[in-house]
Amino acid sequence: MSSEIQEKAGSHLANLVAQQLQRVEKMKQAEDWTDYSELAPIIIGVCWGDGIGPIISQETQRVLEVLVGDQVEAGKIEFRTIEGLTIENRAEHMKAIPDDVLAELKACHVILKAPTTTPEKGGPYPNIESANVAMRRELDLFANVRPVKVAAEGIDWMFFRENTEGAYILGSQGIQVTDDLAIDFKVITRQGAERIIKMAFEYARSSGKNEVTVVTKANVVKTTDGLFLEVAEQVAAEYPEVKWEGWYIDIMTAKLVDPKRRTQFKVLVLPNLYGDILTDEAAEFQGGVGTAGSANIGKRYAMFEAIHGSAPRMLAEGRGQYADPSSLIRAAGMMLAHLGFGEQSRKLEMALDICSLYEKKFILTGRDTGCTGREFCDYLLETIDDPALEQRWQAAAE
Ligand code: IPM
Ligand code: MG
C-alpha cells in the first residue's frame, strides 16, 4: 500500500518536472516585444470582473473615454468587452479561464482586468484555480510591476514581483499524498529569474535610481531562492553602475514599517509570493490596496489590474458604491504609459496623486462615512480637466 502511494506521488512529481522543463525550453526561445506603435487598432480587452469589479470598471471607463476617446474615434484604440471571465461562468466550466474566453483574451493585445473572485477551499464556489494566476501563466506575463509612492514621507518604491513561478505556478497542483500528508511545490528557473531581475536592473539604470534590493529567504529555502539570488548576482555583474543588496523577506517586511530605513529602498525584485505579500504591505502606506495599480508585463501580452480582490463582503453588505476605483484607474494609467500614450498617462497619474494621495477633497472609506466611487471619479475628472493640473500637482507634492 505504502509503495503504491509513493509511486503515485513520484509519477505526479515526474509529470511536473517534465512540464517545467518544457516551459524552460519555451523561455529559451527569444520572442520579440510587441511594438504598439505599429498597431492600428491596439485591441484592449476589458474584463469587468466579479464583486465590486463592474462598479469600479464603470468609473475607469469614464476616465478612459475622456483621456483616449479621440484615439478610439481615430481607430488607434479599440476597447473590446470580454464577458465570460465571471466566477459564475468559470465555475460552470470548472476552469480558471474557459477555453473560449482564453481565445478571446489572446485575440487582444492588452487586457484591462477588474478583480475576479479567487475561490477557496470550503467556499461557495468550486475550488478552481485563480483567474489572475492562470492568465499570468497563459499569457506569460512574467513581470508584475507595482509602484508605491508617498511623497511626504520620501517613499518611492518600484516593485518587480516575479509573476509566473515561485509558490504560485504549481499552487493548484500540490499533492494530498494521504489524509495526513500534503505537499506543495515551488519552482524557480534560471530563465524566469533572469528576465525579471534584468527588468528591475534595467529600470534602476534608466530611471537613475541605480539601486536594487533583491528579496528572498535563500538562507532557509536554499534551492529555489538560492537560485534566484545566484542569478541576481550574475545579472548585477552586467550593471556595475547599479548598487544592489540581498535582503531576507522577514527583515525586509519589518524594515518597511521603519520610517528611518524604508526610504532607502528604491527598486525591489522578488519571487512571486514574497512579492504578493510585500506589495500589499507597501500599498497600505499609500492609503491601502484600493490606491495601488499593477501592471503584468510579458513580451507579447500585458494585463493591467487593481492590486486588490473583488471584495464580495462589500457587495454583500450593500457597500459596492463606496468601493475605491483608484487602483483600477491607476492600472489603466499604467496601461496607457505601456502603450505609448505617455502624456495622457502622466495627466492621469498627476490627477490621481492629487485626488487620492495629496489633496483628498473627497475621501473614500469603503462605507457611507465617506464619498462614493462615482463622486470620487467626478472629482478626478474635474482635476484632469484643470489647465493648472501640473502646478497644482507640484504644489501638492511638496
Ligand atoms: C494579487 C492578488 C492575487 C495574487 C490573487 C487574487 C490571486 O492578491 O494580484 O496580488 O495572489 O497574486
Ligand atoms: Mg496580492
# chains A, B, ... in the order shown; residues from 1 in each chain; ligands from 1
>>> closest_atom_pairs(of="chain A", to="ligand 1", cutoff="10 Å", atoms="only C-alpha atoms and all ligand atoms", output="tab-separated table")
residue	atom	partner	partner_atom_place_in_ligand_line	distance
A:Pro115	CA	ligand 1	6 (C)	7.3
A:Thr116	CA	ligand 1	6 (C)	7.1
A:Thr117	CA	ligand 1	6 (C)	7.1
A:Thr118	CA	ligand 1	6 (C)	5.8
A:Pro119	CA	ligand 1	7 (C)	9.2
A:Glu129	CA	ligand 1	7 (C)	8.6
A:Ser130	CA	ligand 1	7 (C)	5.4
A:Ala131	CA	ligand 1	7 (C)	7.3
A:Asn132	CA	ligand 1	7 (C)	5.6
A:Val133	CA	ligand 1	7 (C)	5.9
A:Ala134	CA	ligand 1	7 (C)	9.2
A:Arg136	CA	ligand 1	12 (O)	9.2
A:Asn144	CA	ligand 1	9 (O)	8.5
A:Arg146	CA	ligand 1	10 (O)	9.7
A:Arg161	CA	ligand 1	10 (O)	9.5
A:Asn163	CA	ligand 1	12 (O)	7.8
A:Thr164	CA	ligand 1	12 (O)	9.9
A:Tyr168	CA	ligand 1	11 (O)	8.1
A:Asn272	CA	ligand 1	12 (O)	7.8
A:Leu273	CA	ligand 1	11 (O)	7.3
A:Gly275	CA	ligand 1	10 (O)	8.0
A:Asp276	CA	ligand 1	10 (O)	4.8
A:Ile277	CA	ligand 1	10 (O)	7.5
A:Leu278	CA	ligand 1	10 (O)	9.5
A:Thr279	CA	ligand 1	10 (O)	7.5
A:Asp280	CA	ligand 1	10 (O)	7.2
A:Val289	CA	ligand 1	10 (O)	9.4
A:Gly293	CA	ligand 1	9 (O)	9.7
A:Ser294	CA	ligand 1	9 (O)	7.6
A:Ala295	CA	ligand 1	9 (O)	9.7
A:Asn296	CA	ligand 1	9 (O)	9.3
A:Glu305	CA	ligand 1	9 (O)	7.8
A:Ala306	CA	ligand 1	9 (O)	7.4
A:Ile307	CA	ligand 1	9 (O)	4.9
A:His308	CA	ligand 1	2 (C)	6.0
A:Gly309	CA	ligand 1	6 (C)	5.4
A:Ser310	CA	ligand 1	6 (C)	8.2
>>> closest_atom_pairs(of="region 98-178 of chain A", to="region 29-45 of chain A", cutoff="6 Å", atoms="only C-alpha atoms", output="JSON lines")
{"residue": "A:Cys108", "atom": "CA", "partner": "A:Ile43", "partner_atom": "CA", "distance": 5.0}
{"residue": "A:His109", "atom": "CA", "partner": "A:Ile43", "partner_atom": "CA", "distance": 5.3}
{"residue": "A:Val110", "atom": "CA", "partner": "A:Ile44", "partner_atom": "CA", "distance": 5.1}
{"residue": "A:Ile111", "atom": "CA", "partner": "A:Gly45", "partner_atom": "CA", "distance": 4.6}
>>> write_last_selection(atoms="N, CA, C and O atoms", output="JSON list (two decimals), in the first residue's frame")
[["chain", "number", "residue", "atom", "x", "y", "z"],
["A", 108, "CYS", "N", -6.65, 39.77, -28.21],
["A", 108, "CYS", "CA", -6.41, 41.18, -27.87],
["A", 108, "CYS", "C", -4.90, 41.40, -27.74],
["A", 108, "CYS", "O", -4.13, 40.46, -27.69],
["A", 109, "HIS", "N", -4.51, 42.68, -27.67],
["A", 109, "HIS", "CA", -3.09, 42.97, -27.44],
["A", 109, "HIS", "C", -2.79, 43.15, -25.96],
["A", 109, "HIS", "O", -1.76, 42.72, -25.47],
["A", 110, "VAL", "N", -3.68, 43.85, -25.28],
["A", 110, "VAL", "CA", -3.53, 44.01, -23.83],
["A", 110, "VAL", "C", -4.90, 43.85, -23.17],
["A", 110, "VAL", "O", -5.94, 43.96, -23.83],
["A", 111, "ILE", "N", -4.86, 43.60, -21.87],
["A", 111, "ILE", "CA", -6.10, 43.36, -21.12],
["A", 111, "ILE", "C", -6.17, 44.35, -19.96],
["A", 111, "ILE", "O", -5.17, 44.57, -19.27]]
>>> residues_around(residues="region 1-15 of chain A", least_positions_apart="6", cutoff="10 Å", atoms="only C-alpha atoms", output="list in words")
Leu21, Gln173, Gly174, Ile175, Gln176, Val177, Thr178, Ile183 and Phe185 of chain A
>>> residues_around(residues="region 333-338 of chain A", least_positions_apart="5", cutoff="9 Å", atoms="only C-alpha atoms", output="ChimeraX atom specification")
/A:36,64,68,110-112,293-295,302-304,328,343-349
>>> residues_around(residues="region 371-374 of chain A", least_positions_apart="4", cutoff="7 Å", atoms="only C-alpha atoms", output="list in words")
Glu59, Gln321, Tyr322, Ala323, Asp324, Pro325, Phe362, Ile363, Leu364 and Asp378 of chain A
>>> write_last_selection(atoms="all heavy atoms", output="PDB file, in the first residue's frame")
ATOM      1  N   GLU A  59     -16.364  53.340 -13.581  1.00  0.00           N
ATOM      2  CA  GLU A  59     -15.675  54.622 -13.327  1.00  0.00           C
ATOM      3  C   GLU A  59     -14.395  54.690 -14.166  1.00  0.00           C
ATOM      4  O   GLU A  59     -14.068  55.731 -14.728  1.00  0.00           O
ATOM      5  CB  GLU A  59     -15.355  54.781 -11.832  1.00  0.00           C
ATOM      6  CG  GLU A  59     -16.576  54.683 -10.906  1.00  0.00           C
ATOM      7  CD  GLU A  59     -17.726  55.597 -11.325  1.00  0.00           C
ATOM      8  OE1 GLU A  59     -17.460  56.718 -11.791  1.00  0.00           O
ATOM      9  OE2 GLU A  59     -18.896  55.172 -11.195  1.00  0.00           O
ATOM     10  N   GLN A 321     -21.059  50.689  -3.913  1.00  0.00           N
ATOM     11  CA  GLN A 321     -20.853  52.033  -4.497  1.00  0.00           C
ATOM     12  C   GLN A 321     -19.779  52.826  -3.761  1.00  0.00           C
ATOM     13  O   GLN A 321     -19.329  53.862  -4.233  1.00  0.00           O
ATOM     14  CB  GLN A 321     -22.179  52.814  -4.583  1.00  0.00           C
ATOM     15  CG  GLN A 321     -22.723  53.336  -3.273  1.00  0.00           C
ATOM     16  CD  GLN A 321     -23.643  52.322  -2.581  1.00  0.00           C
ATOM     17  OE1 GLN A 321     -23.442  51.103  -2.653  1.00  0.00           O
ATOM     18  NE2 GLN A 321     -24.666  52.833  -1.917  1.00  0.00           N
ATOM     19  N   TYR A 322     -19.357  52.336  -2.578  1.00  0.00           N
ATOM     20  CA  TYR A 322     -18.318  53.039  -1.825  1.00  0.00           C
ATOM     21  C   TYR A 322     -16.913  52.477  -2.101  1.00  0.00           C
ATOM     22  O   TYR A 322     -15.939  52.869  -1.469  1.00  0.00           O
ATOM     23  CB  TYR A 322     -18.614  52.997  -0.316  1.00  0.00           C
ATOM     24  CG  TYR A 322     -19.899  53.692   0.029  1.00  0.00           C
ATOM     25  CD1 TYR A 322     -21.047  52.978   0.352  1.00  0.00           C
ATOM     26  CD2 TYR A 322     -19.975  55.087  -0.026  1.00  0.00           C
ATOM     27  CE1 TYR A 322     -22.240  53.627   0.635  1.00  0.00           C
ATOM     28  CE2 TYR A 322     -21.166  55.745   0.254  1.00  0.00           C
ATOM     29  CZ  TYR A 322     -22.300  55.009   0.584  1.00  0.00           C
ATOM     30  OH  TYR A 322     -23.470  55.658   0.843  1.00  0.00           O
ATOM     31  N   ALA A 323     -16.828  51.522  -3.013  1.00  0.00           N
ATOM     32  CA  ALA A 323     -15.519  50.930  -3.331  1.00  0.00           C
ATOM     33  C   ALA A 323     -14.637  51.965  -4.018  1.00  0.00           C
ATOM     34  O   ALA A 323     -15.104  52.769  -4.822  1.00  0.00           O
ATOM     35  CB  ALA A 323     -15.702  49.720  -4.238  1.00  0.00           C
ATOM     36  N   ASP A 324     -13.360  51.945  -3.692  1.00  0.00           N
ATOM     37  CA  ASP A 324     -12.395  52.889  -4.252  1.00  0.00           C
ATOM     38  C   ASP A 324     -11.986  52.429  -5.660  1.00  0.00           C
ATOM     39  O   ASP A 324     -11.387  51.367  -5.812  1.00  0.00           O
ATOM     40  CB  ASP A 324     -11.165  52.924  -3.326  1.00  0.00           C
ATOM     41  CG  ASP A 324     -10.175  54.018  -3.697  1.00  0.00           C
ATOM     42  OD1 ASP A 324     -10.297  54.564  -4.819  1.00  0.00           O
ATOM     43  OD2 ASP A 324      -9.299  54.319  -2.871  1.00  0.00           O
ATOM     44  N   PRO A 325     -12.305  53.221  -6.688  1.00  0.00           N
ATOM     45  CA  PRO A 325     -11.943  52.791  -8.042  1.00  0.00           C
ATOM     46  C   PRO A 325     -10.507  53.144  -8.416  1.00  0.00           C
ATOM     47  O   PRO A 325     -10.052  52.844  -9.513  1.00  0.00           O
ATOM     48  CB  PRO A 325     -12.921  53.573  -8.923  1.00  0.00           C
ATOM     49  CG  PRO A 325     -13.167  54.843  -8.163  1.00  0.00           C
ATOM     50  CD  PRO A 325     -13.028  54.509  -6.698  1.00  0.00           C
ATOM     51  N   PHE A 362     -12.306  64.525  -1.516  1.00  0.00           N
ATOM     52  CA  PHE A 362     -13.344  63.500  -1.340  1.00  0.00           C
ATOM     53  C   PHE A 362     -12.662  62.237  -0.845  1.00  0.00           C
ATOM     54  O   PHE A 362     -11.807  61.693  -1.523  1.00  0.00           O
ATOM     55  CB  PHE A 362     -14.040  63.210  -2.668  1.00  0.00           C
ATOM     56  CG  PHE A 362     -14.974  64.292  -3.093  1.00  0.00           C
ATOM     57  CD1 PHE A 362     -14.500  65.434  -3.707  1.00  0.00           C
ATOM     58  CD2 PHE A 362     -16.341  64.178  -2.842  1.00  0.00           C
ATOM     59  CE1 PHE A 362     -15.358  66.454  -4.087  1.00  0.00           C
ATOM     60  CE2 PHE A 362     -17.206  65.203  -3.216  1.00  0.00           C
ATOM     61  CZ  PHE A 362     -16.713  66.334  -3.846  1.00  0.00           C
ATOM     62  N   ILE A 363     -13.036  61.797   0.329  1.00  0.00           N
ATOM     63  CA  ILE A 363     -12.344  60.644   0.898  1.00  0.00           C
ATOM     64  C   ILE A 363     -13.241  59.409   0.871  1.00  0.00           C
ATOM     65  O   ILE A 363     -14.408  59.448   1.281  1.00  0.00           O
ATOM     66  CB  ILE A 363     -11.868  60.952   2.334  1.00  0.00           C
ATOM     67  CG1 ILE A 363     -10.824  62.077   2.251  1.00  0.00           C
ATOM     68  CG2 ILE A 363     -11.246  59.721   2.993  1.00  0.00           C
ATOM     69  CD1 ILE A 363     -10.216  62.480   3.546  1.00  0.00           C
ATOM     70  N   LEU A 364     -12.664  58.339   0.364  1.00  0.00           N
ATOM     71  CA  LEU A 364     -13.394  57.065   0.337  1.00  0.00           C
ATOM     72  C   LEU A 364     -13.049  56.280   1.598  1.00  0.00           C
ATOM     73  O   LEU A 364     -11.876  56.137   1.938  1.00  0.00           O
ATOM     74  CB  LEU A 364     -12.964  56.260  -0.894  1.00  0.00           C
ATOM     75  CG  LEU A 364     -13.503  56.764  -2.226  1.00  0.00           C
ATOM     76  CD1 LEU A 364     -12.451  56.691  -3.296  1.00  0.00           C
ATOM     77  CD2 LEU A 364     -14.739  55.976  -2.603  1.00  0.00           C
ATOM     78  N   ASP A 378     -15.893  61.856 -10.283  1.00  0.00           N
ATOM     79  CA  ASP A 378     -16.250  63.199 -10.766  1.00  0.00           C
ATOM     80  C   ASP A 378     -15.130  64.189 -10.410  1.00  0.00           C
ATOM     81  O   ASP A 378     -14.712  65.000 -11.230  1.00  0.00           O
ATOM     82  CB  ASP A 378     -17.565  63.677 -10.120  1.00  0.00           C
ATOM     83  CG  ASP A 378     -18.773  62.921 -10.667  1.00  0.00           C
ATOM     84  OD1 ASP A 378     -18.660  62.320 -11.759  1.00  0.00           O
ATOM     85  OD2 ASP A 378     -19.819  62.915  -9.989  1.00  0.00           O
TER      86      ASP A 378
END
>>> select_by_dssp(residues="region 220-387 of chain A", states="alpha helix (DSSP H)", output="VMD selection string")
chain A and resid 224 to 237 249 to 255 272 to 286 312 to 316 326 to 339 342 to 352 373 to 385
>>> decode(residues="region 39-71 of chain A", atoms="N, CA, C and O atoms", output="mmCIF file, in the first residue's frame")
data_model
loop_
_atom_site.group_PDB
_atom_site.id
_atom_site.type_symbol
_atom_site.label_atom_id
_atom_site.label_comp_id
_atom_site.auth_asym_id
_atom_site.auth_seq_id
_atom_site.Cartn_x
_atom_site.Cartn_y
_atom_site.Cartn_z
ATOM 1 N N LEU A 39 0.659 49.117 -34.352
ATOM 2 C CA LEU A 39 -0.668 48.501 -34.390
ATOM 3 C C LEU A 39 -1.777 49.536 -34.579
ATOM 4 O O LEU A 39 -1.744 50.597 -33.973
ATOM 5 N N ALA A 40 -2.744 49.211 -35.402
ATOM 6 C CA ALA A 40 -3.935 50.043 -35.515
ATOM 7 C C ALA A 40 -5.102 49.149 -35.924
ATOM 8 O O ALA A 40 -5.108 48.664 -37.041
ATOM 9 N N PRO A 41 -6.057 48.896 -35.054
ATOM 10 C CA PRO A 41 -6.089 49.418 -33.695
ATOM 11 C C PRO A 41 -5.335 48.528 -32.720
ATOM 12 O O PRO A 41 -5.125 47.352 -32.994
ATOM 13 N N ILE A 42 -4.931 49.148 -31.599
ATOM 14 C CA ILE A 42 -4.474 48.364 -30.451
ATOM 15 C C ILE A 42 -5.754 47.842 -29.796
ATOM 16 O O ILE A 42 -6.644 48.627 -29.467
ATOM 17 N N ILE A 43 -5.866 46.541 -29.659
ATOM 18 C CA ILE A 43 -7.105 45.989 -29.083
ATOM 19 C C ILE A 43 -6.940 45.795 -27.580
ATOM 20 O O ILE A 43 -6.071 45.051 -27.131
ATOM 21 N N ILE A 44 -7.773 46.498 -26.823
ATOM 22 C CA ILE A 44 -7.742 46.396 -25.355
ATOM 23 C C ILE A 44 -8.951 45.575 -24.912
ATOM 24 O O ILE A 44 -10.097 46.003 -25.073
ATOM 25 N N GLY A 45 -8.699 44.394 -24.400
ATOM 26 C CA GLY A 45 -9.789 43.557 -23.886
ATOM 27 C C GLY A 45 -10.125 43.999 -22.472
ATOM 28 O O GLY A 45 -9.244 44.150 -21.630
ATOM 29 N N VAL A 46 -11.408 44.238 -22.203
ATOM 30 C CA VAL A 46 -11.800 44.699 -20.872
ATOM 31 C C VAL A 46 -12.626 43.618 -20.176
ATOM 32 O O VAL A 46 -13.644 43.169 -20.702
ATOM 33 N N CYS A 47 -12.160 43.179 -19.008
ATOM 34 C CA CYS A 47 -12.896 42.198 -18.210
ATOM 35 C C CYS A 47 -13.450 42.922 -16.991
ATOM 36 O O CYS A 47 -12.687 43.534 -16.237
ATOM 37 N N TRP A 48 -14.754 42.845 -16.798
ATOM 38 C CA TRP A 48 -15.411 43.635 -15.744
ATOM 39 C C TRP A 48 -15.306 42.998 -14.364
ATOM 40 O O TRP A 48 -15.587 43.634 -13.361
ATOM 41 N N GLY A 49 -14.938 41.726 -14.325
ATOM 42 C CA GLY A 49 -14.669 41.084 -13.040
ATOM 43 C C GLY A 49 -15.893 40.734 -12.220
ATOM 44 O O GLY A 49 -17.032 40.773 -12.697
ATOM 45 N N ASP A 50 -15.647 40.394 -10.959
ATOM 46 C CA ASP A 50 -16.690 39.961 -10.023
ATOM 47 C C ASP A 50 -16.811 40.970 -8.880
ATOM 48 O O ASP A 50 -15.965 41.848 -8.731
ATOM 49 N N GLY A 51 -17.814 40.787 -8.050
ATOM 50 C CA GLY A 51 -17.965 41.614 -6.840
ATOM 51 C C GLY A 51 -18.023 43.095 -7.182
ATOM 52 O O GLY A 51 -18.847 43.525 -7.998
ATOM 53 N N ILE A 52 -17.088 43.865 -6.618
ATOM 54 C CA ILE A 52 -17.072 45.313 -6.883
ATOM 55 C C ILE A 52 -16.506 45.627 -8.276
ATOM 56 O O ILE A 52 -16.516 46.778 -8.707
ATOM 57 N N GLY A 53 -16.020 44.591 -8.987
ATOM 58 C CA GLY A 53 -15.376 44.777 -10.296
ATOM 59 C C GLY A 53 -16.185 45.633 -11.267
ATOM 60 O O GLY A 53 -15.693 46.660 -11.747
ATOM 61 N N PRO A 54 -17.435 45.239 -11.576
ATOM 62 C CA PRO A 54 -18.200 46.018 -12.543
ATOM 63 C C PRO A 54 -18.412 47.472 -12.117
ATOM 64 O O PRO A 54 -18.442 48.363 -12.956
ATOM 65 N N ILE A 55 -18.496 47.714 -10.808
ATOM 66 C CA ILE A 55 -18.732 49.087 -10.326
ATOM 67 C C ILE A 55 -17.491 49.955 -10.564
ATOM 68 O O ILE A 55 -17.581 51.043 -11.136
ATOM 69 N N ILE A 56 -16.323 49.452 -10.176
ATOM 70 C CA ILE A 56 -15.113 50.273 -10.365
ATOM 71 C C ILE A 56 -14.715 50.322 -11.846
ATOM 72 O O ILE A 56 -14.075 51.269 -12.291
ATOM 73 N N SER A 57 -15.116 49.300 -12.625
ATOM 74 C CA SER A 57 -14.825 49.324 -14.074
ATOM 75 C C SER A 57 -15.556 50.469 -14.758
ATOM 76 O O SER A 57 -15.026 51.111 -15.669
ATOM 77 N N GLN A 58 -16.811 50.699 -14.322
ATOM 78 C CA GLN A 58 -17.591 51.770 -14.942
ATOM 79 C C GLN A 58 -16.905 53.116 -14.782
ATOM 80 O O GLN A 58 -16.860 53.915 -15.718
ATOM 81 N N GLU A 59 -16.364 53.340 -13.581
ATOM 82 C CA GLU A 59 -15.675 54.622 -13.327
ATOM 83 C C GLU A 59 -14.395 54.690 -14.166
ATOM 84 O O GLU A 59 -14.068 55.731 -14.728
ATOM 85 N N THR A 60 -13.706 53.574 -14.259
ATOM 86 C CA THR A 60 -12.461 53.538 -15.036
ATOM 87 C C THR A 60 -12.753 53.843 -16.506
ATOM 88 O O THR A 60 -12.007 54.566 -17.176
ATOM 89 N N GLN A 61 -13.864 53.293 -16.974
ATOM 90 C CA GLN A 61 -14.249 53.536 -18.365
ATOM 91 C C GLN A 61 -14.510 55.017 -18.642
ATOM 92 O O GLN A 61 -14.113 55.545 -19.672
ATOM 93 N N ARG A 62 -15.149 55.680 -17.681
ATOM 94 C CA ARG A 62 -15.427 57.116 -17.839
ATOM 95 C C ARG A 62 -14.112 57.884 -18.001
ATOM 96 O O ARG A 62 -14.001 58.790 -18.825
ATOM 97 N N VAL A 63 -13.117 57.508 -17.202
ATOM 98 C CA VAL A 63 -11.836 58.206 -17.259
ATOM 99 C C VAL A 63 -11.156 57.956 -18.609
ATOM 100 O O VAL A 63 -10.630 58.868 -19.245
ATOM 101 N N LEU A 64 -11.202 56.696 -19.049
ATOM 102 C CA LEU A 64 -10.546 56.360 -20.325
ATOM 103 C C LEU A 64 -11.218 57.065 -21.502
ATOM 104 O O LEU A 64 -10.552 57.486 -22.448
ATOM 105 N N GLU A 65 -12.547 57.199 -21.419
ATOM 106 C CA GLU A 65 -13.255 57.901 -22.504
ATOM 107 C C GLU A 65 -12.736 59.329 -22.639
ATOM 108 O O GLU A 65 -12.514 59.817 -23.744
ATOM 109 N N VAL A 66 -12.546 59.979 -21.482
ATOM 110 C CA VAL A 66 -12.059 61.364 -21.512
ATOM 111 C C VAL A 66 -10.627 61.416 -22.055
ATOM 112 O O VAL A 66 -10.288 62.267 -22.872
ATOM 113 N N LEU A 67 -9.795 60.480 -21.620
ATOM 114 C CA LEU A 67 -8.372 60.569 -21.968
ATOM 115 C C LEU A 67 -8.057 60.089 -23.382
ATOM 116 O O LEU A 67 -7.210 60.665 -24.060
ATOM 117 N N VAL A 68 -8.689 59.004 -23.819
ATOM 118 C CA VAL A 68 -8.319 58.461 -25.137
ATOM 119 C C VAL A 68 -9.521 58.216 -26.054
ATOM 120 O O VAL A 68 -9.410 57.468 -27.027
ATOM 121 N N GLY A 69 -10.644 58.894 -25.751
ATOM 122 C CA GLY A 69 -11.825 58.795 -26.617
ATOM 123 C C GLY A 69 -11.473 59.156 -28.051
ATOM 124 O O GLY A 69 -11.936 58.525 -29.010
ATOM 125 N N ASP A 70 -10.610 60.169 -28.214
ATOM 126 C CA ASP A 70 -10.207 60.601 -29.562
ATOM 127 C C ASP A 70 -9.420 59.502 -30.286
ATOM 128 O O ASP A 70 -9.534 59.333 -31.498
ATOM 129 N N GLN A 71 -8.644 58.729 -29.532
ATOM 130 C CA GLN A 71 -7.862 57.633 -30.135
ATOM 131 C C GLN A 71 -8.792 56.520 -30.632
ATOM 132 O O GLN A 71 -8.509 55.856 -31.628
#
